[in-house]
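Enquirer: Before anything else, here's the structure in question.
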Amino acid sequence: MPFSRLATATTPTAHLGLGLAAVGRPAYITLDRTEALGEEDDRTVENLRTRTHELLDAAYAQGVRYIDAARSYGRSEEFLADWLKSRPDVTDVVVGSKWGYTYTGGWTTDAERHEVKDHSLAAYERQRAETEAILGDRLDLYQIHSVTPDSPALTDKDLHARLAEESARGVTVGFSTSGPRQADAIRAALEVTVDGEPLFRTVQSTYNILETSAGPALAEAHDAGLTVIVKEGMANGRLAAPHAPEPLRTVAEETDLGCDAVALAVILRQPWAGVVLSGAATVVQLTSNLHAAAVDLTDDQLARLVPLAETPEAYWEHRGTLPWH
């Protein structure tokens with residue numbers, strides 16, 4: 001599977017990836033977005049295409065080898081495909097995308113709905129064709145976007161058979177999770193088999209200092225042989241310096257690095273974490289995020305961060321109040 005390429009990588013940042021949710025569309029639920037991308041008029045398609053390419057160039061130069069996109073991330077697949085075509089020398093990145101949400105934001109920041117969820121077989125067939133048209137054979141991983149315990153994607157046998165065919169053709173099949181019952185969704189997905197074989201080979205979940213509830217289930221997934229990808233390690237900006245809780249700011253000061261680097265370093269220390277995503281919107285943010293690979297935290301520092309964890313219900317309720325900037 002493509003993640004074997006990352007397993008043999010030796011650069012310090014090989015287990016950090018770049019997610020394109022923040023730059024593939026003009027609106028997203030990340031704090032301080034105006035400071036990073038400017039006003040809405042500045043977020044034209046071409047400006048964000050240029051921004052994405054700058055981030056990809058910087059990430060690759062600094063050793064990042066996993067790139068994460070999605071059908072619902074606006075034009076993220078298009079921007080990534082353009083970059084790959086302009087960099088024929090880049091043959092060692094692992095490219096992941098997701099299906100299950102359709103982007104409906106119309107390239108505005110004030111759309112009534114920015115994305116619509118649909119985990120049906122018909123939605124898969126439509127979006128797989130769209131991704132194929134854009135990324136072609138550069139796609140390594142295709143994930144079901146934001147599986148929850150009640151998702152029909154966990155029980156639809158026809159969909160499972162179609163995904164197994166995809167896997168047989170060489171594209172790794174995975175899923176991502178969201179919501180306060182991530183652990184339940186992960187465990188249910190681990191039980192999905194086709195012809196007696198596990199269907200999913202990767203799982204991408206939200207895990208950060210504030211939301212740790214999926215940790216035990218992610219450990220089980222790792223033990224079952226899945227590659228674990230961690231998203232939202234910065235809690236949609238809540239762990240960045242202007243908003244970070246005091247214990248995180250104190251530990252960051254002790255390490256002489258940013259709150260973001262410390263927050264991501266905590267995740268990298270988890271033995272089950274295969275790839276930890278940066279959702280940076282600027283090269284400065286990205287470079288600071290990548291310092292996570294150099295953070296050496298003591299047991300005392302880690303212990304002081306543990307009490308910051310919220311209940312999953314409180315965390316996801318707060319996340320649900322964050323506006324699309």
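Order determines the names: the first chain of the structure tokens is A, the second B, and so forth; residues in each chain are numbered 1 upward, and ligands are numbered 1 upward as they are shown.
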Could you tell me, as a list in words, which residues of range 231-295 of chain A DSSP assigns to strand (DSSP E) when given the backbone?
Expert: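 Listing strand (DSSP E) positions across range 231-295 of chain A yields Lys231, Val275, Val276, Leu277 and Ser278 of chain A.
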Enquirer: So that each row is one residue of range 6-86 of chain A with an atom at most 7 Å from range 260-276 of chain A, can you give its shortest atom pair and the distance in Å to one decimal, using only C-alpha atoms, rows by chain and rising number, as a tab-separated table?
Expert:
residue	atom	partner	partner_atom	distance
A:His15	CA	A:Val275	CA	4.6
A:Leu16	CA	A:Val276	CA	4.8
A:Gly17	CA	A:Val276	CA	5.9
Enquirer: Applying 6 Å and only C-alpha atoms, which residues near range 193-209 of chain A remain after dropping the ones on its own chain fewer than 4 positions away? List them as a PyMOL selection string.
Expert: chain A and resi 173-177+226-233+309
Enquirer: Taking the DSSP assignment computed from this structure's backbone, write out as a ChimeraX atom specification all residues of range 16-139 of chain A that belong to helix (DSSP H, G or I).
Expert: /A:33-37,40-42,45-61,76-86,121-138
Enquirer: Enter the distance from CA of Val295 in chain A to CA of Thr255 in chain A, in Å, rounded to one decimal.
Expert: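 CA of Thr255 in chain A lies 7.2 Å from CA of Val295 in chain A.
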Enquirer: Return the single residue from A:Leu48, A:Ala183, A:Leu139, A:Ala14 that is closest to Ala36 in chain A, with distances computed using only C-alpha atoms.
Expert: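 Using only C-alpha atoms, Ala36 in chain A sits closest to A:Leu48.
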Enquirer: Just checking: using only C-alpha atoms, which residue out of A:Thr44, A:Ser288, A:Thr321, A:Thr50 ends up closest to Asn236 in chain A?
Expert: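 Closest to Asn236 in chain A of all the choices is A:Thr321.
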Enquirer: Write out as a count of residues only which residues come within 10 Å of Asp300 in chain A when counting only C-alpha atoms, dropping same-chain ones fewer than 4 positions away.
Expert: 3
Enquirer: Please compute the CA of Arg162 in chain A-CA of Ser178 in chain A distance, one decimal, in Å.
Expert: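 Computed distance, CA of Arg162 in chain A to CA of Ser178 in chain A, equals 23.3 Å.
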Enquirer: Do a neighbour search on Arg25 in chain A at 12 Å with only C-alpha atoms, toss out local chain neighbours closer than 6 positions, and write the hits as a ChimeraX atom specification.
Expert: /A:33,37,40,42-49,51-52,69-79,103-109,111,114-115,281,324-325
Enquirer: Restricting the calculation to only C-alpha atoms: of A:Ile134, A:Ala224, A:Leu210, A:Met234, which residue gets closest to Trp316 in chain A?
Expert: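 Ranked by minimum distance to Trp316 in chain A, first place goes to A:Leu210.
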Enquirer: Residues within 10 Å of range 127-130 of chain A, please, as a ChimeraX atom specification. Count only C-alpha atoms; anything in the same chain fewer than 5 positions from it doesn't count.
Expert: /A:70-72,77,97-102,121-122,135-136,142,166
Enquirer: Using N, CA and C atoms, can you write the selected residues to a file as a PDB file, in the first residue's frame?
Expert:
ATOM      1  N   ALA A  70     -10.088  16.590  -0.679  1.00  0.00           N
ATOM      2  CA  ALA A  70     -11.441  16.022  -0.620  1.00  0.00           C
ATOM      3  C   ALA A  70     -12.291  16.663  -1.698  1.00  0.00           C
ATOM      4  N   ARG A  71     -13.321  15.944  -2.127  1.00  0.00           N
ATOM      5  CA  ARG A  71     -14.239  16.505  -3.103  1.00  0.00           C
ATOM      6  C   ARG A  71     -14.890  17.786  -2.568  1.00  0.00           C
ATOM      7  N   SER A  72     -15.148  17.830  -1.265  1.00  0.00           N
ATOM      8  CA  SER A  72     -15.844  18.992  -0.702  1.00  0.00           C
ATOM      9  C   SER A  72     -14.925  20.149  -0.360  1.00  0.00           C
ATOM     10  N   GLU A  77      -8.651  19.362  -5.100  1.00  0.00           N
ATOM     11  CA  GLU A  77      -8.125  18.328  -6.003  1.00  0.00           C
ATOM     12  C   GLU A  77      -7.559  18.963  -7.267  1.00  0.00           C
ATOM     13  N   SER A  97      -7.609  11.569  -1.033  1.00  0.00           N
ATOM     14  CA  SER A  97      -8.768  12.430  -1.162  1.00  0.00           C
ATOM     15  C   SER A  97      -9.955  11.716  -0.508  1.00  0.00           C
ATOM     16  N   LYS A  98     -11.105  12.388  -0.501  1.00  0.00           N
ATOM     17  CA  LYS A  98     -12.276  11.848   0.175  1.00  0.00           C
ATOM     18  C   LYS A  98     -13.530  12.098  -0.662  1.00  0.00           C
ATOM     19  N   TRP A  99     -14.494  11.237  -0.487  1.00  0.00           N
ATOM     20  CA  TRP A  99     -15.798  11.406  -1.108  1.00  0.00           C
ATOM     21  C   TRP A  99     -16.855  11.308  -0.001  1.00  0.00           C
ATOM     22  N   GLY A 100     -18.055  11.798  -0.286  1.00  0.00           N
ATOM     23  CA  GLY A 100     -19.137  11.699   0.686  1.00  0.00           C
ATOM     24  C   GLY A 100     -19.754  13.035   1.033  1.00  0.00           C
ATOM     25  N   TYR A 101     -19.045  14.122   0.733  1.00  0.00           N
ATOM     26  CA  TYR A 101     -19.586  15.477   0.853  1.00  0.00           C
ATOM     27  C   TYR A 101     -19.445  16.166  -0.498  1.00  0.00           C
ATOM     28  N   THR A 102     -20.440  16.928  -0.875  1.00  0.00           N
ATOM     29  CA  THR A 102     -20.396  17.730  -2.093  1.00  0.00           C
ATOM     30  C   THR A 102     -20.262  19.200  -1.706  1.00  0.00           C
ATOM     31  N   LEU A 121     -24.131   4.789  -2.522  1.00  0.00           N
ATOM     32  CA  LEU A 121     -23.340   4.234  -3.615  1.00  0.00           C
ATOM     33  C   LEU A 121     -23.366   5.169  -4.820  1.00  0.00           C
ATOM     34  N   ALA A 122     -24.515   5.766  -5.081  1.00  0.00           N
ATOM     35  CA  ALA A 122     -24.614   6.689  -6.219  1.00  0.00           C
ATOM     36  C   ALA A 122     -23.680   7.882  -6.047  1.00  0.00           C
ATOM     37  N   LEU A 135      -7.495  13.800 -10.798  1.00  0.00           N
ATOM     38  CA  LEU A 135      -6.228  13.278 -10.268  1.00  0.00           C
ATOM     39  C   LEU A 135      -5.710  12.049 -11.016  1.00  0.00           C
ATOM     40  N   GLY A 136      -6.569  11.378 -11.764  1.00  0.00           N
ATOM     41  CA  GLY A 136      -6.117  10.229 -12.537  1.00  0.00           C
ATOM     42  C   GLY A 136      -5.429   9.188 -11.687  1.00  0.00           C
ATOM     43  N   TYR A 142      -8.441   6.758  -1.178  1.00  0.00           N
ATOM     44  CA  TYR A 142      -9.776   7.351  -1.276  1.00  0.00           C
ATOM     45  C   TYR A 142     -10.545   6.986  -0.017  1.00  0.00           C
ATOM     46  N   GLU A 166     -12.267  -1.265  -5.947  1.00  0.00           N
ATOM     47  CA  GLU A 166     -11.308  -0.155  -6.012  1.00  0.00           C
ATOM     48  C   GLU A 166      -9.988  -0.566  -5.381  1.00  0.00           C
TER      49      GLU A 166
END
Enquirer: Please list as a ChimeraX atom specification every residue within 6 Å of Ala185 in chain A, counting only C-alpha atoms and excluding residues in the same chain fewer than 2 positions away.
Expert: /A:148-149,182-183,187-188
